[in-house]
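Novice: For reference, this is run-v5.cif, and it has mmCIF, C-alpha atoms.
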data_work
loop_
_atom_site.label_atom_id
_atom_site.label_comp_id
_atom_site.auth_asym_id
_atom_site.auth_seq_id
_atom_site.Cartn_x
_atom_site.Cartn_y
_atom_site.Cartn_z
CA MET S 1 193.53 61.91 144.22
CA ASP S 2 193.69 63.88 140.95
CA SER S 3 192.90 67.05 142.87
CA MET S 4 195.80 66.36 145.26
CA TRP S 5 198.19 66.03 142.29
CA LEU S 6 196.88 69.31 140.88
CA LYS S 7 197.54 70.97 144.23
CA ILE S 8 201.06 69.54 144.33
CA LEU S 9 201.74 70.70 140.74
CA SER S 10 200.37 74.18 141.61
CA ALA S 11 202.59 74.30 144.70
CA VAL S 12 205.65 73.32 142.61
CA LEU S 13 204.78 76.11 140.15
CA VAL S 14 204.45 78.71 142.93
CA LEU S 15 207.70 77.55 144.57
CA GLY S 16 209.36 77.85 141.16
CA TRP S 17 208.14 81.46 140.84
CA ILE S 18 209.40 82.27 144.35
CA ALA S 19 212.83 80.83 143.54
CA PHE S 20 212.84 82.70 140.21
CA MET S 21 211.99 86.04 141.82
CA TRP S 22 214.24 85.62 144.86
CA PRO S 23 217.53 87.04 143.42
CA ARG S 24 215.79 90.10 141.92
CA ALA S 25 213.83 90.68 145.14
CA LYS S 26 217.05 90.47 147.16
CA TYR S 27 218.77 92.93 144.82
CA TRP S 28 215.98 95.52 145.03
CA LEU S 29 215.54 95.13 148.77
CA ARG S 30 219.23 96.02 149.18
CA ASN S 31 219.58 98.61 146.41
CA SER S 32 216.28 100.50 146.18
CA PRO S 33 216.92 104.23 146.39
CA LYS S 34 215.19 105.94 149.30
CA ALA S 35 211.91 107.66 148.45
CA GLN S 36 212.02 111.45 148.46
CA GLU S 37 209.30 113.56 149.97
CA GLY S 38 206.17 113.36 147.85
CA ASP S 39 207.32 110.26 145.90
CA TRP S 40 204.75 107.91 147.45
CA ARG S 41 201.98 110.43 146.79
CA THR S 42 202.69 110.17 143.05
CA VAL S 43 202.24 106.39 143.31
CA LEU S 44 199.19 106.37 145.55
CA LEU S 45 197.24 108.56 143.14
CA PRO S 46 197.28 106.10 140.18
CA LEU S 47 196.88 103.11 142.52
CA ALA S 48 193.77 104.70 144.05
CA ALA S 49 192.46 105.20 140.51
CA VAL S 50 193.06 101.48 139.82
CA VAL S 51 191.14 100.53 143.00
CA LEU S 52 188.18 102.73 142.01
CA PHE S 53 188.24 101.36 138.47
CA VAL S 54 188.22 97.74 139.71
CA ILE S 55 185.25 98.53 142.01
CA LEU S 56 183.48 100.02 138.97
CA LEU S 57 184.18 96.85 136.95
CA ILE S 58 182.83 94.65 139.76
CA MET S 59 179.66 96.77 139.96
CA SER S 60 179.24 96.48 136.18
CA VAL S 61 179.05 92.66 136.26
CA ARG S 62 176.82 92.35 139.33
CA MET L 1 232.34 125.23 124.55
CA ASN L 2 233.12 121.60 123.87
CA ARG L 3 231.84 120.68 127.29
CA LEU L 4 228.63 122.57 126.64
CA ASP L 5 228.17 120.82 123.28
CA TYR L 6 228.79 117.49 124.95
CA THR L 7 226.22 118.07 127.70
CA ALA L 8 223.73 119.31 125.14
CA VAL L 9 224.10 116.19 123.03
CA ARG L 10 224.11 113.55 125.80
CA PRO L 11 220.47 113.99 126.93
CA ALA L 12 219.35 113.90 123.29
CA GLU L 13 221.20 110.59 122.76
CA GLY L 14 219.65 109.24 125.96
CA ALA L 15 216.20 110.31 124.82
CA ILE L 16 216.65 108.66 121.41
CA SER L 17 217.79 105.35 122.90
CA SER L 18 215.00 105.52 125.48
CA ASN L 19 212.42 106.20 122.74
CA LYS L 20 213.79 103.27 120.73
CA LEU L 21 213.54 101.01 123.79
CA VAL L 22 209.94 102.13 124.44
CA LYS L 23 208.99 101.58 120.78
CA ASN L 24 210.63 98.13 120.58
CA THR L 25 209.10 97.08 123.90
CA TYR L 26 205.54 98.05 122.99
CA THR L 27 205.85 96.52 119.49
CA LEU L 28 207.06 93.21 120.93
CA LEU L 29 204.52 93.37 123.76
CA SER L 30 201.65 93.86 121.27
CA ALA L 31 202.89 90.94 119.15
CA THR L 32 203.26 88.63 122.18
CA LEU L 33 199.80 89.56 123.49
CA ILE L 34 198.21 88.76 120.11
CA TRP L 35 200.20 85.51 119.89
CA SER L 36 199.25 84.60 123.43
CA GLY L 37 195.57 85.35 122.69
CA ILE L 38 195.66 83.04 119.65
CA LEU L 39 197.18 80.22 121.75
CA ALA L 40 194.59 80.81 124.50
CA ALA L 41 191.79 80.54 121.89
CA ILE L 42 193.29 77.30 120.54
CA SER L 43 193.59 75.98 124.09
CA MET L 44 189.93 76.84 124.76
CA SER L 45 188.81 74.87 121.70
CA VAL L 46 191.09 71.90 122.49
CA ALA L 47 189.99 72.05 126.18
CA PRO L 48 193.06 70.44 127.78
CA SER L 49 192.90 69.25 131.40
CA PRO L 50 193.95 71.74 134.12
CA ALA L 51 197.05 69.59 134.69
CA ILE L 52 198.20 70.29 131.11
CA GLY L 53 197.51 74.00 131.68
CA LEU L 54 199.72 73.92 134.78
CA GLY L 55 202.34 71.88 132.91
CA THR L 56 202.63 74.48 130.13
CA SER L 57 202.97 77.25 132.75
CA LEU L 58 205.74 75.23 134.40
CA GLY L 59 207.43 74.88 130.99
CA ALA L 60 207.21 78.66 130.53
CA LEU L 61 208.81 79.20 133.95
CA VAL L 62 211.70 76.86 133.05
CA LEU L 63 212.31 78.81 129.81
CA LEU L 64 212.05 82.12 131.68
CA TRP L 65 214.48 80.99 134.35
CA LEU L 66 217.06 78.94 132.45
CA VAL L 67 216.93 79.94 128.77
CA LEU L 68 215.86 83.61 128.56
CA PRO L 69 218.79 85.05 130.61
CA ARG L 70 221.24 83.38 128.17
CA THR L 71 219.45 84.52 125.01
CA ALA L 72 218.04 87.94 126.00
CA ASN L 73 220.87 89.80 124.23
CA SER L 74 220.52 87.94 120.93
CA ALA L 75 217.88 87.41 118.24
CA ALA L 76 217.21 83.96 119.73
CA GLY L 77 215.71 85.80 122.71
CA LEU L 78 212.75 86.81 120.52
CA GLY L 79 211.95 83.15 119.81
CA VAL L 80 212.21 82.37 123.53
CA VAL L 81 209.82 85.24 124.38
CA PHE L 82 207.25 83.91 121.90
CA ALA L 83 207.69 80.39 123.29
CA ILE L 84 207.15 81.64 126.88
CA THR L 85 204.13 83.80 126.05
CA GLY L 86 202.67 81.04 123.85
CA LEU L 87 202.94 78.51 126.68
CA LEU L 88 201.45 80.95 129.19
CA GLY L 89 198.63 81.77 126.74
CA PHE L 90 197.91 78.07 126.19
CA GLY L 91 197.96 77.52 129.96
CA LEU L 92 195.20 80.11 130.29
CA GLY L 93 192.78 77.97 128.25
CA PRO L 94 191.34 75.82 131.09
CA THR L 95 190.77 78.94 133.27
CA LEU L 96 189.01 80.76 130.41
CA ASN L 97 186.87 77.67 129.68
CA TYR L 98 185.79 77.57 133.33
CA TYR L 99 184.61 81.21 133.25
CA ALA L 100 183.12 80.88 129.75
CA HIS L 101 180.72 78.24 131.07
CA LEU L 102 179.24 80.58 133.73
CA SER L 103 175.92 82.17 132.72
CA ASN L 104 177.52 85.65 132.43
CA GLY L 105 180.97 84.18 131.64
CA PRO L 106 181.53 85.91 128.29
CA GLN L 107 180.70 89.27 129.92
CA ILE L 108 183.13 88.57 132.79
CA ILE L 109 185.93 87.60 130.38
CA ALA L 110 185.31 90.64 128.16
CA THR L 111 185.20 92.98 131.20
CA ALA L 112 188.44 91.53 132.62
CA PHE L 113 190.08 91.83 129.20
CA GLY L 114 188.98 95.43 128.64
CA GLY L 115 189.72 96.37 132.26
CA THR L 116 193.26 94.99 132.01
CA GLY L 117 193.82 97.01 128.84
CA VAL L 118 192.58 100.23 130.46
CA ILE L 119 194.69 99.68 133.61
CA PHE L 120 197.84 98.95 131.59
CA LEU L 121 197.42 101.84 129.15
CA GLY L 122 196.50 104.26 131.95
CA LEU L 123 199.49 103.36 134.14
CA SER L 124 201.94 103.26 131.22
CA GLY L 125 200.65 106.63 130.01
CA TYR L 126 201.05 108.06 133.52
CA ALA L 127 204.64 106.79 133.87
CA LEU L 128 205.60 107.89 130.35
CA THR L 129 204.14 111.39 130.63
CA THR L 130 205.32 112.19 134.17
CA LYS L 131 208.77 110.61 133.43
CA ARG L 132 209.14 110.09 137.20
CA ASP L 133 211.65 107.62 138.57
CA PHE L 134 209.71 104.95 140.48
CA SER L 135 212.78 102.84 141.30
CA PHE L 136 212.28 103.62 145.02
CA MET L 137 209.34 101.17 144.84
CA GLY L 138 211.55 98.22 143.81
CA GLY L 139 212.11 96.72 147.26
CA PHE L 140 208.49 97.22 148.29
CA ILE L 141 207.10 95.60 145.12
CA PHE L 142 209.36 92.56 145.17
CA ALA L 143 208.88 92.00 148.91
CA GLY L 144 205.12 92.28 148.32
CA MET L 145 205.28 89.76 145.48
CA LEU L 146 207.15 87.27 147.66
CA VAL L 147 204.59 87.66 150.48
CA ALA L 148 201.74 87.24 147.96
CA MET L 149 203.42 84.09 146.58
CA VAL L 150 203.73 82.58 150.06
CA ALA L 151 200.04 83.39 150.70
CA ILE L 152 199.10 81.75 147.35
CA LEU L 153 201.16 78.69 148.29
CA ALA L 154 199.43 78.42 151.69
CA ASN L 155 195.98 78.89 150.14
CA ILE L 156 196.50 76.07 147.67
CA PHE L 157 196.13 73.74 150.67
CA LEU L 158 194.02 75.94 153.02
CA ASN L 159 191.48 76.74 150.30
CA ILE L 160 190.03 79.86 152.01
CA PRO L 161 187.86 81.78 149.47
CA ALA L 162 188.20 85.15 151.28
CA LEU L 163 192.00 84.81 151.32
CA SER L 164 191.95 83.94 147.64
CA LEU L 165 189.99 87.14 146.84
CA ALA L 166 192.29 89.24 149.03
CA ILE L 167 195.33 87.79 147.21
CA SER L 168 193.79 88.68 143.82
CA ALA L 169 193.16 92.27 144.97
CA VAL L 170 196.73 92.59 146.32
CA VAL L 171 198.21 91.08 143.13
CA ILE L 172 196.36 93.69 141.00
CA LEU L 173 197.84 96.50 143.12
CA LEU L 174 201.34 94.97 143.10
CA MET L 175 201.24 94.48 139.32
CA ALA L 176 199.93 98.03 138.85
CA GLY L 177 202.92 99.24 140.90
CA TYR L 178 205.22 96.97 138.87
CA ILE L 179 203.99 98.52 135.57
CA LEU L 180 204.87 101.99 136.92
CA PHE L 181 208.24 100.69 138.17
CA GLU L 182 209.20 98.83 134.96
CA THR L 183 208.04 101.67 132.68
CA SER L 184 210.08 104.19 134.67
CA GLN L 185 213.08 101.82 134.55
CA MET L 186 212.70 101.80 130.77
CA ILE L 187 212.59 105.60 130.37
CA ASN L 188 215.17 106.42 133.06
CA GLY L 189 217.85 103.97 131.88
CA GLY L 190 217.48 101.32 134.61
CA GLN L 191 216.60 98.71 131.99
CA THR L 192 218.07 98.71 128.47
CA ASN L 193 216.97 95.31 127.17
CA TYR L 194 213.56 95.42 125.47
CA ILE L 195 213.15 91.64 125.58
CA LEU L 196 213.41 91.56 129.39
CA THR L 197 211.17 94.64 129.73
CA THR L 198 208.57 93.05 127.45
CA ILE L 199 208.46 89.81 129.42
CA GLY L 200 208.15 91.73 132.73
CA LEU L 201 205.24 93.82 131.42
CA TYR L 202 203.61 90.76 129.82
CA ILE L 203 203.64 88.87 133.13
CA ALA L 204 202.20 91.92 134.93
CA ILE L 205 199.37 92.15 132.34
CA LEU L 206 198.69 88.40 132.59
CA ASN L 207 198.54 88.57 136.39
CA ILE L 208 196.18 91.57 136.33
CA PHE L 209 193.93 89.77 133.83
CA THR L 210 193.71 86.49 135.79
CA SER L 211 193.25 88.31 139.14
CA LEU L 212 190.55 90.54 137.66
CA LEU L 213 188.87 87.47 136.17
CA HIS L 214 188.89 85.84 139.59
CA LEU L 215 187.50 88.91 141.37
CA LEU L 216 184.79 89.53 138.76
CA GLY L 217 183.86 85.86 138.62
CA ALA L 218 183.58 85.56 142.40
CA LEU L 219 181.78 88.86 142.99
CA SER L 220 179.38 88.70 140.05
CA GLY L 221 177.19 86.34 142.08
CA ASP L 222 177.67 83.51 139.60
CA ASP L 223 180.84 81.76 140.87
#
Since I need it in another form, could you write the structure as structure tokens?
Specialist:
Amino acid sequence: MDSMWLKILSAVLVLGWIAFMWPRAKYWLRNSPKAQEGDWRTVLLPLAAVVLFVILLIMSVR
Amino acid sequence: MNRLDYTAVRPAEGAISSNKLVKNTYTLLSATLIWSGILAAISMSVAPSPAIGLGTSLGALVLLWLVLPRTANSAAGLGVVFAITGLLGFGLGPTLNYYAHLSNGPQIIATAFGGTGVIFLGLSGYALTTKRDFSFMGGFIFAGMLVAMVAILANIFLNIPALSLAISAVVILLMAGYILFETSQMINGGQTNYILTTIGLYIAILNIFTSLLHLLGALSGDD
């Protein structure tokens, strides 16, 4: 029963975060400037580095 | 000539205000992270129930949603930021206690902590040195966050371990993107309030830390 209440409280918290983020998400979905050629490449490079780094961290604790 | 003088001075003024914003943001961010760490340590020693941990996070969300927007442009906003980060830090206690009791728990916590620091500093350094405008990512990041939130909500009741790990991996990538986005907003004039920038970066760091903790805990073979 306690676990069910924890799940309900967690769900309320997540719904709260969704409601909190909703206006900002709506704004950026409507007003984000279009990416220029090469823009995504400049993002994918650091994100790929993050992925590799996380894999390295996982290997270090195994 | 006047026009030339004017155009020569404007970028310098912009750079000064941008530098001031960056300095204020990182000073406040450092202070809130230390404060949050102290509260997390207190929470670990008090060992509150997970329900209290969730309750404090809910309290932080209420402050973030209802109080911070009204106080962000005044000195009172600083107090609200410390209240929010303190509550979120305290709410982290039960999670940290859970991992601390694993056989390699302290190593997992230390690795997640150090890893979060490296990811944040690396991404911030990249955004600050390239000075690129990453605002084109705004829609993608926020849509991704909403999808991740819906998946988290579903998995609270579905309880699928593989989905939970996938969500953690996606959250790390989304928060990494958010750090690039928010830092570029700060240096390109999209955001001028250091209190709001600080809280955005703090939440990104917290999410990377908890997701990394989850991934390392689950994949270390001791979860």
Novice: Between CA of Leu219 in chain L and CA of Ile52 in chain L, measure the distance and give it in Å to one decimal.
Specialist: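 Interatomic distance here is 27.5 Å.
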Novice: May I ask which of the residues L:Ala75, L:Asn207, L:Trp65, L:Asn193 is the closest one to Ala19 in chain S, counting only C-alpha atoms?
Specialist: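 Of L:Ala75, L:Asn207, L:Trp65, L:Asn193, the one nearest Ala19 in chain S, counting only C-alpha atoms, is L:Trp65.
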Novice: Provide the CA of Ala204 in chain L to CA of Ala166 in chain L distance in Å, to one decimal place.
Specialist: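 Computing it gives 17.4 Å between the two atoms.
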Novice: If the PyMOL selection byres ((chain L) within 6 of (chain S)) were run on this exact file, what residues would it hold? Put them as a PyMOL selection string.
Specialist: chain L and resi 58+136+138-139+142+153+216+220
Novice: How would the residues just chosen look if you wrote them out with C-alpha atoms as a PDB file, in the coordinates of the input?
Specialist:
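This is the output file out10.pdb:
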ATOM      1  CA  LEU L  58     205.740  75.230 134.400  1.00  0.00           C
ATOM      2  CA  PHE L 136     212.280 103.620 145.020  1.00  0.00           C
ATOM      3  CA  GLY L 138     211.550  98.220 143.810  1.00  0.00           C
ATOM      4  CA  GLY L 139     212.110  96.720 147.260  1.00  0.00           C
ATOM      5  CA  PHE L 142     209.360  92.560 145.170  1.00  0.00           C
ATOM      6  CA  LEU L 153     201.160  78.690 148.290  1.00  0.00           C
ATOM      7  CA  LEU L 216     184.790  89.530 138.760  1.00  0.00           C
ATOM      8  CA  SER L 220     179.380  88.700 140.050  1.00  0.00           C
TER       9      SER L 220
END
Novice: Go ahead and compute the interatomic distance for CA of Thr25 in chain L and CA of Tyr194 in chain L, in Å to one decimal.
Specialist: 5.0 Å
Novice: List the neighbours of Ile172 in chain L out to 8 Å using all atoms listed in the file; skip same-chain residues closer than 2 positions along the sequence, and give me the result as a list in words.
Specialist: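 Near Ile172 in chain L, the qualifying residues are Ser168, Ala169, Val170, Leu174, Met175, Ala176, Asn207, Ile208, Ser211 and Leu212 of chain L.
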Novice: Could the residues in this selection be written to a file with C-alpha atoms, as a compact mmCIF listing (two decimals), in the coordinates of the input?
Specialist:
# COMPACT_ATOMS: atom_id res chain seq x y z
CA SER L 168 193.79 88.68 143.82
CA ALA L 169 193.16 92.27 144.97
CA VAL L 170 196.73 92.59 146.32
CA LEU L 174 201.34 94.97 143.10
CA MET L 175 201.24 94.48 139.32
CA ALA L 176 199.93 98.03 138.85
CA ASN L 207 198.54 88.57 136.39
CA ILE L 208 196.18 91.57 136.33
CA SER L 211 193.25 88.31 139.14
CA LEU L 212 190.55 90.54 137.66
Novice: What's around range 200-203 of chain L at 8 Å? Count all atoms listed in the file, leave out sequence neighbours fewer than 2 positions away in its own chain, and write the answer as a ChimeraX atom specification.
Specialist: /L:29,32-33,85,179,182,196-198,205-207
Novice: Considering all atoms listed in the file, can you say which of L:Ile187, L:Met137, L:Met44, L:Leu173 comes closest to Leu52 in chain S?
Specialist: L:Leu173
Novice: Identify which of the residues L:Val81, L:Leu123, L:Val171, L:Ala151 lies closest to Trp35 in chain L, counting all atoms listed in the file when measuring atom-to-atom distances.
Specialist: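 When distances to Trp35 in chain L are compared using all atoms listed in the file, the smallest one comes from L:Val81.
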Novice: Written as an NGL selection string, what is the full residue list that the PyMOL selection byres ((chain L and resi 63) around 12) yields on the file shown?
Specialist: (:S and (16 or 20)) or (:L and (56-62 or 64-72 or 77 or 79-88 or 199))
Novice: Render range 53-76 of chain L from the structure in the preceding block as a file of C-alpha atoms, as a PDB file, in the first residue's frame.
Specialist:
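The resulting file, part.pdb, is shown below:
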ATOM      1  CA  GLY L  53      12.312  12.938  -0.237  1.00  0.00           C
ATOM      2  CA  LEU L  54       9.527  13.147  -2.824  1.00  0.00           C
ATOM      3  CA  GLY L  55       7.660  15.675  -0.679  1.00  0.00           C
ATOM      4  CA  THR L  56      10.658  18.035  -0.551  1.00  0.00           C
ATOM      5  CA  SER L  57      11.056  17.742  -4.347  1.00  0.00           C
ATOM      6  CA  LEU L  58       7.366  18.607  -4.711  1.00  0.00           C
ATOM      7  CA  GLY L  59       7.921  21.628  -2.430  1.00  0.00           C
ATOM      8  CA  ALA L  60      10.839  22.718  -4.632  1.00  0.00           C
ATOM      9  CA  LEU L  61       8.644  22.429  -7.737  1.00  0.00           C
ATOM     10  CA  VAL L  62       5.943  24.604  -6.121  1.00  0.00           C
ATOM     11  CA  LEU L  63       8.555  27.288  -5.291  1.00  0.00           C
ATOM     12  CA  LEU L  64      10.012  27.035  -8.801  1.00  0.00           C
ATOM     13  CA  TRP L  65       6.611  27.350 -10.422  1.00  0.00           C
ATOM     14  CA  LEU L  66       4.763  29.858  -8.235  1.00  0.00           C
ATOM     15  CA  VAL L  67       7.345  31.895  -6.297  1.00  0.00           C
ATOM     16  CA  LEU L  68      10.520  32.142  -8.419  1.00  0.00           C
ATOM     17  CA  PRO L  69       8.907  33.884 -11.456  1.00  0.00           C
ATOM     18  CA  ARG L  70       7.667  36.663  -9.115  1.00  0.00           C
ATOM     19  CA  THR L  71      10.974  37.123  -7.300  1.00  0.00           C
ATOM     20  CA  ALA L  72      13.569  36.402 -10.025  1.00  0.00           C
ATOM     21  CA  ASN L  73      14.190  40.126 -10.637  1.00  0.00           C
ATOM     22  CA  SER L  74      14.754  41.006  -6.980  1.00  0.00           C
ATOM     23  CA  ALA L  75      17.150  40.079  -4.167  1.00  0.00           C
ATOM     24  CA  ALA L  76      14.429  37.827  -2.732  1.00  0.00           C
TER      25      ALA L  76
END
